[in-house]
Amino acid sequence: MKSMGRTDLPREQQEALHKAIRWEWFTIGYTVVTIGLIALVVGGSQAMRTAWIEDMLSLVPQISFLVALLFIRHPPSRAFPFGLHRVMGVGHLVAGVTLLAIGGSLAVESILGLVRAEHPAIGTVRLLGQTIWLGWLMVAVMSVIVIGPFIYGRAKAKLAPVLHNKVLYADADMAKADWTTSVASIVGVLGIGIGWWWLDGTAALFISAGIVWDGWRNARAAVLDLIDQRARTEDDARTHPLLYRIRDRVEAERWVRACAVRMRDMGQVFHVEVFVVPRRSWVRLGRVERLREAITRLDWKVQDVVVITRSELPDEAER
């Protein structure tokens with residue numbers, strides 16, 4: 001992909017996007033393998049079963065990202081005058097709601113298991129002519145599969161700011177936190193082994209709570225973007241600094257007496273509205289057009305720019 005809508009991506013962003021696509025496909029392949037491995041040893045442990053489902057759910061962000069890329073490359077049309085960038089936000093919302101719903105269901109199941117004092121059992125298996133406790137295989141599998149998320153989680157975390165992609169950032173954040181799922185499942189299995197049956201249910205509840213938190217955080221961020229909150233950074237930590245750069249650039253124009261900026265996040269690009277109070281009661285069209293072009297050149301993420309001359313500034317815009 002060399003463009004998003006009408007925006008031509010700079011070389012740095014093109015390379016980052018190609019890397020992100022490769023990492024997403026690698027993650028899908030790795031996760032499918034881990035799902036198969038856990039299925040072989042899941043046994044009667046509720047913590048292992050919850051970790052297994054969590055692995056399945058972790059595929060949702062990657063699939064959402066890859067599917068959204070098929071749409072956002074299309075330029076604006078009469079049917080979709082702002083382009084299809086919102087598809088990335090819709091994918092973010094789908095991932096968040098899925099995690100929230102299934103995580104909540106797993107949490108309720110874990111609580112009911114603790115209330116009913118269900119005692120899970122882990123049997124033995126024959127391996128290479130030896131009879132061993134299945135729990136040791138569970139611990140071995142969960143200890144090995146945690147390596148992958150550390151690698152691709154860090155790689156995606158570096159790419160997300162370059163692309164200003166919140167789905168990729170959320171995926172990276174979840175991957176970096178996957179070690180807690182593995183540790184909790186190991187604790188639950190060992191708890192069964194020493195006779196502390198409640199430790200397995202507690203570990204399952206801990207994993208479920210993590211899924212619910214990921215779902216809530218991602219669903220909330222996606223909804224706020226879809227209802228046009230002020231553009232923020234990919235981690236939602238602060239207002240995007242590009243807004244202030246645009247304001248400063250406009251104020252540098254000698255014919256501008258005052259200005260305000262309103263910027264919305266369309267997915268990976270921004271729609272920008274600049275309100276200008278000119279020093280005189282009239283302004284040449286060429287000046288307005290040159291200002292619009294100058295704002296567009298500030299950053300590749302500026303997809304659409306509208307410069308509006310007014311006698312006063314709207315209160316809701318950034319002054």
# chains A, B, ... in the order shown; residues from 1 in each chain; ligands from 1

$ residues_around --residues "Ile35 in chain A" --least-positions-apart "3" --cutoff "9 Å" --atoms "only C-alpha atoms" --output "list in words"
Tyr30, Thr31, Val32, Ile38, Ala39, Leu40, Trp52, Ile53, Asp55 and Met56 of chain A

$ write_last_selection --atoms "C-alpha atoms" --output "PDB file, in the first residue's frame"
ATOM      1  CA  TYR A  30       1.829 -18.065  15.845  1.00  0.00           C
ATOM      2  CA  THR A  31      -1.499 -17.781  17.663  1.00  0.00           C
ATOM      3  CA  VAL A  32      -3.084 -20.575  15.632  1.00  0.00           C
ATOM      4  CA  ILE A  38      -3.157 -25.504  24.426  1.00  0.00           C
ATOM      5  CA  ALA A  39      -6.042 -27.593  23.060  1.00  0.00           C
ATOM      6  CA  LEU A  40      -3.873 -30.713  23.419  1.00  0.00           C
ATOM      7  CA  TRP A  52      -7.224 -20.910  25.531  1.00  0.00           C
ATOM      8  CA  ILE A  53     -10.253 -18.737  24.791  1.00  0.00           C
ATOM      9  CA  ASP A  55      -5.753 -16.793  22.692  1.00  0.00           C
ATOM     10  CA  MET A  56      -8.651 -17.187  20.273  1.00  0.00           C
TER      11      MET A  56
END

$ residues_around --residues "range 171-177 of chain A" --least-positions-apart "3" --cutoff "7 Å" --atoms "only C-alpha atoms" --output "ChimeraX atom specification"
/A:61,149-150,153-154,156-157,167-168,180

$ select_by_dssp --residues "range 171-318 of chain A" --states "strand (DSSP E or B)" --output "MDAnalysis selection string"
chainID A and resid 230 232 239 256:265 270:278 302:309 318

$ select_by_dssp --residues "range 93-307 of chain A" --states "helix (DSSP H, G or I)" --output "ChimeraX atom specification"
/A:93-115,134-145,147-163,166-176,178-193,197-226,242-251,285-296

$ write_last_selection --atoms "C-alpha atoms" --output "compact mmCIF listing (two decimals), in the first residue's frame"
# COMPACT_ATOMS: atom_id res chain seq x y z
CA LEU A 93 -14.91 -1.18 18.12
CA VAL A 94 -15.69 -4.76 17.03
CA ALA A 95 -12.51 -6.01 18.71
CA GLY A 96 -13.30 -4.13 21.91
CA VAL A 97 -16.92 -5.27 22.16
CA THR A 98 -15.96 -8.89 21.44
CA LEU A 99 -13.36 -8.88 24.21
CA LEU A 100 -15.74 -7.16 26.61
CA ALA A 101 -18.64 -9.55 26.00
CA ILE A 102 -16.73 -12.83 26.09
CA GLY A 103 -14.44 -11.67 28.90
CA GLY A 104 -17.51 -10.82 30.99
CA SER A 105 -19.00 -14.23 30.30
CA LEU A 106 -15.78 -15.97 31.34
CA ALA A 107 -15.58 -13.87 34.51
CA VAL A 108 -19.12 -14.89 35.51
CA GLU A 109 -18.26 -18.52 34.83
CA SER A 110 -15.15 -18.26 37.01
CA ILE A 111 -17.08 -16.67 39.87
CA LEU A 112 -19.79 -19.35 39.71
CA GLY A 113 -17.11 -22.06 39.81
CA LEU A 114 -15.66 -20.56 42.97
CA VAL A 115 -19.07 -20.15 44.60
CA LEU A 134 -0.68 -33.62 32.55
CA GLY A 135 -0.15 -30.49 34.61
CA TRP A 136 3.58 -30.54 33.82
CA LEU A 137 2.80 -30.43 30.11
CA MET A 138 0.43 -27.51 30.71
CA VAL A 139 3.14 -25.59 32.54
CA ALA A 140 5.69 -26.37 29.82
CA VAL A 141 3.38 -25.22 27.01
CA MET A 142 2.41 -21.96 28.73
CA SER A 143 6.06 -21.23 29.56
CA VAL A 144 7.09 -21.58 25.91
CA ILE A 145 4.26 -19.76 24.11
CA ILE A 147 7.98 -15.87 24.16
CA GLY A 148 6.17 -14.85 20.96
CA PRO A 149 4.05 -11.99 22.37
CA PHE A 150 7.16 -10.38 23.87
CA ILE A 151 8.75 -10.25 20.41
CA TYR A 152 5.86 -9.13 18.20
CA GLY A 153 4.29 -6.98 20.92
CA ARG A 154 7.37 -4.77 21.11
CA ALA A 155 7.69 -4.64 17.31
CA LYS A 156 4.09 -3.47 16.84
CA ALA A 157 4.40 -0.94 19.65
CA LYS A 158 7.20 0.77 17.68
CA LEU A 159 5.17 0.80 14.44
CA ALA A 160 1.86 2.06 15.88
CA PRO A 161 3.02 5.68 16.49
CA VAL A 162 4.60 5.86 13.02
CA LEU A 163 1.28 4.90 11.42
CA LYS A 166 -4.92 2.67 17.37
CA VAL A 167 -5.86 -0.89 16.39
CA LEU A 168 -2.19 -1.77 15.99
CA TYR A 169 -1.37 -0.05 19.29
CA ALA A 170 -4.12 -1.95 21.12
CA ASP A 171 -2.91 -5.22 19.59
CA ALA A 172 0.66 -4.49 20.73
CA ASP A 173 -0.50 -3.52 24.21
CA MET A 174 -2.49 -6.74 24.58
CA ALA A 175 0.46 -8.81 23.35
CA LYS A 176 2.84 -7.22 25.83
CA ASP A 178 -0.02 -11.73 27.53
CA TRP A 179 2.65 -12.92 29.95
CA THR A 180 0.20 -12.31 32.79
CA THR A 181 -2.21 -14.80 31.22
CA SER A 182 0.51 -17.44 31.00
CA VAL A 183 1.67 -16.86 34.58
CA ALA A 184 -1.89 -16.95 35.91
CA SER A 185 -2.67 -20.21 34.11
CA ILE A 186 0.55 -21.79 35.44
CA VAL A 187 -0.35 -20.70 38.97
CA GLY A 188 -3.83 -22.18 38.55
CA VAL A 189 -2.48 -25.53 37.33
CA LEU A 190 0.09 -25.76 40.14
CA GLY A 191 -2.66 -24.86 42.60
CA ILE A 192 -4.62 -27.91 41.51
CA GLY A 193 -1.46 -30.00 41.86
CA TRP A 197 -8.60 -26.12 44.07
CA TRP A 198 -9.69 -22.47 44.48
CA LEU A 199 -6.43 -21.20 42.98
CA ASP A 200 -7.45 -22.43 39.53
CA GLY A 201 -10.76 -20.54 39.62
CA THR A 202 -9.03 -17.44 40.97
CA ALA A 203 -6.48 -17.57 38.14
CA ALA A 204 -9.30 -17.94 35.61
CA LEU A 205 -11.05 -14.92 37.12
CA PHE A 206 -7.82 -12.91 36.91
CA ILE A 207 -7.42 -13.78 33.21
CA SER A 208 -11.08 -12.93 32.56
CA ALA A 209 -10.69 -9.57 34.29
CA GLY A 210 -7.76 -8.80 32.00
CA ILE A 211 -9.88 -9.61 28.94
CA VAL A 212 -12.71 -7.40 30.23
CA TRP A 213 -10.30 -4.52 30.87
CA ASP A 214 -8.84 -4.80 27.36
CA GLY A 215 -12.34 -4.89 25.92
CA TRP A 216 -13.57 -1.90 27.90
CA ARG A 217 -10.53 0.22 27.12
CA ASN A 218 -10.63 -0.53 23.38
CA ALA A 219 -14.41 -0.21 23.02
CA ARG A 220 -14.39 3.12 24.87
CA ALA A 221 -11.54 4.51 22.75
CA ALA A 222 -13.23 3.39 19.52
CA VAL A 223 -16.60 4.90 20.46
CA LEU A 224 -15.02 8.24 21.43
CA ASP A 225 -13.25 8.41 18.07
CA LEU A 226 -16.38 7.46 16.14
CA LEU A 242 -0.34 18.18 15.29
CA LEU A 243 -3.33 20.29 16.31
CA TYR A 244 -1.02 22.83 17.96
CA ARG A 245 1.42 22.76 15.05
CA ILE A 246 -1.42 23.66 12.70
CA ARG A 247 -2.56 26.48 15.00
CA ASP A 248 0.97 27.91 15.18
CA ARG A 249 1.39 27.71 11.40
CA VAL A 250 -1.85 29.61 10.81
CA GLU A 251 -0.98 32.27 13.38
CA LEU A 285 -8.70 33.67 -2.29
CA GLY A 286 -5.07 32.91 -3.20
CA ARG A 287 -3.95 33.52 0.38
CA VAL A 288 -6.56 31.13 1.73
CA GLU A 289 -5.58 28.48 -0.80
CA ARG A 290 -1.86 28.84 -0.05
CA LEU A 291 -2.58 28.49 3.66
CA ARG A 292 -4.59 25.35 3.04
CA GLU A 293 -1.73 23.83 1.04
CA ALA A 294 0.80 24.80 3.71
CA ILE A 295 -1.27 23.02 6.39
CA THR A 296 -1.58 19.92 4.21

$ atom_distance --atom1 "CA of Trp196 in chain A" --atom2 "CA of Glu54 in chain A"
23.4 Å

$ closest_atom_pairs --of "range 213-248 of chain A" --to "range 256-273 of chain A" --cutoff "6 Å" --atoms "only C-alpha atoms" --output "JSON lines"
{"residue": "A:Asp228", "atom": "CA", "partner": "A:Arg264", "partner_atom": "CA", "distance": 5.7}
{"residue": "A:Arg230", "atom": "CA", "partner": "A:Arg264", "partner_atom": "CA", "distance": 5.6}
{"residue": "A:Ala231", "atom": "CA", "partner": "A:Arg264", "partner_atom": "CA", "distance": 5.0}

$ closest_residue --among "A:Val67, A:Gln13, A:Pro75, A:Leu298" --to "Val87 in chain A" --atoms "only C-alpha atoms"
A:Val67

$ closest_residue --among "A:Arg49, A:Arg297, A:Arg6, A:Arg280" --to "Ser311 in chain A" --atoms "only C-alpha atoms"
A:Arg280
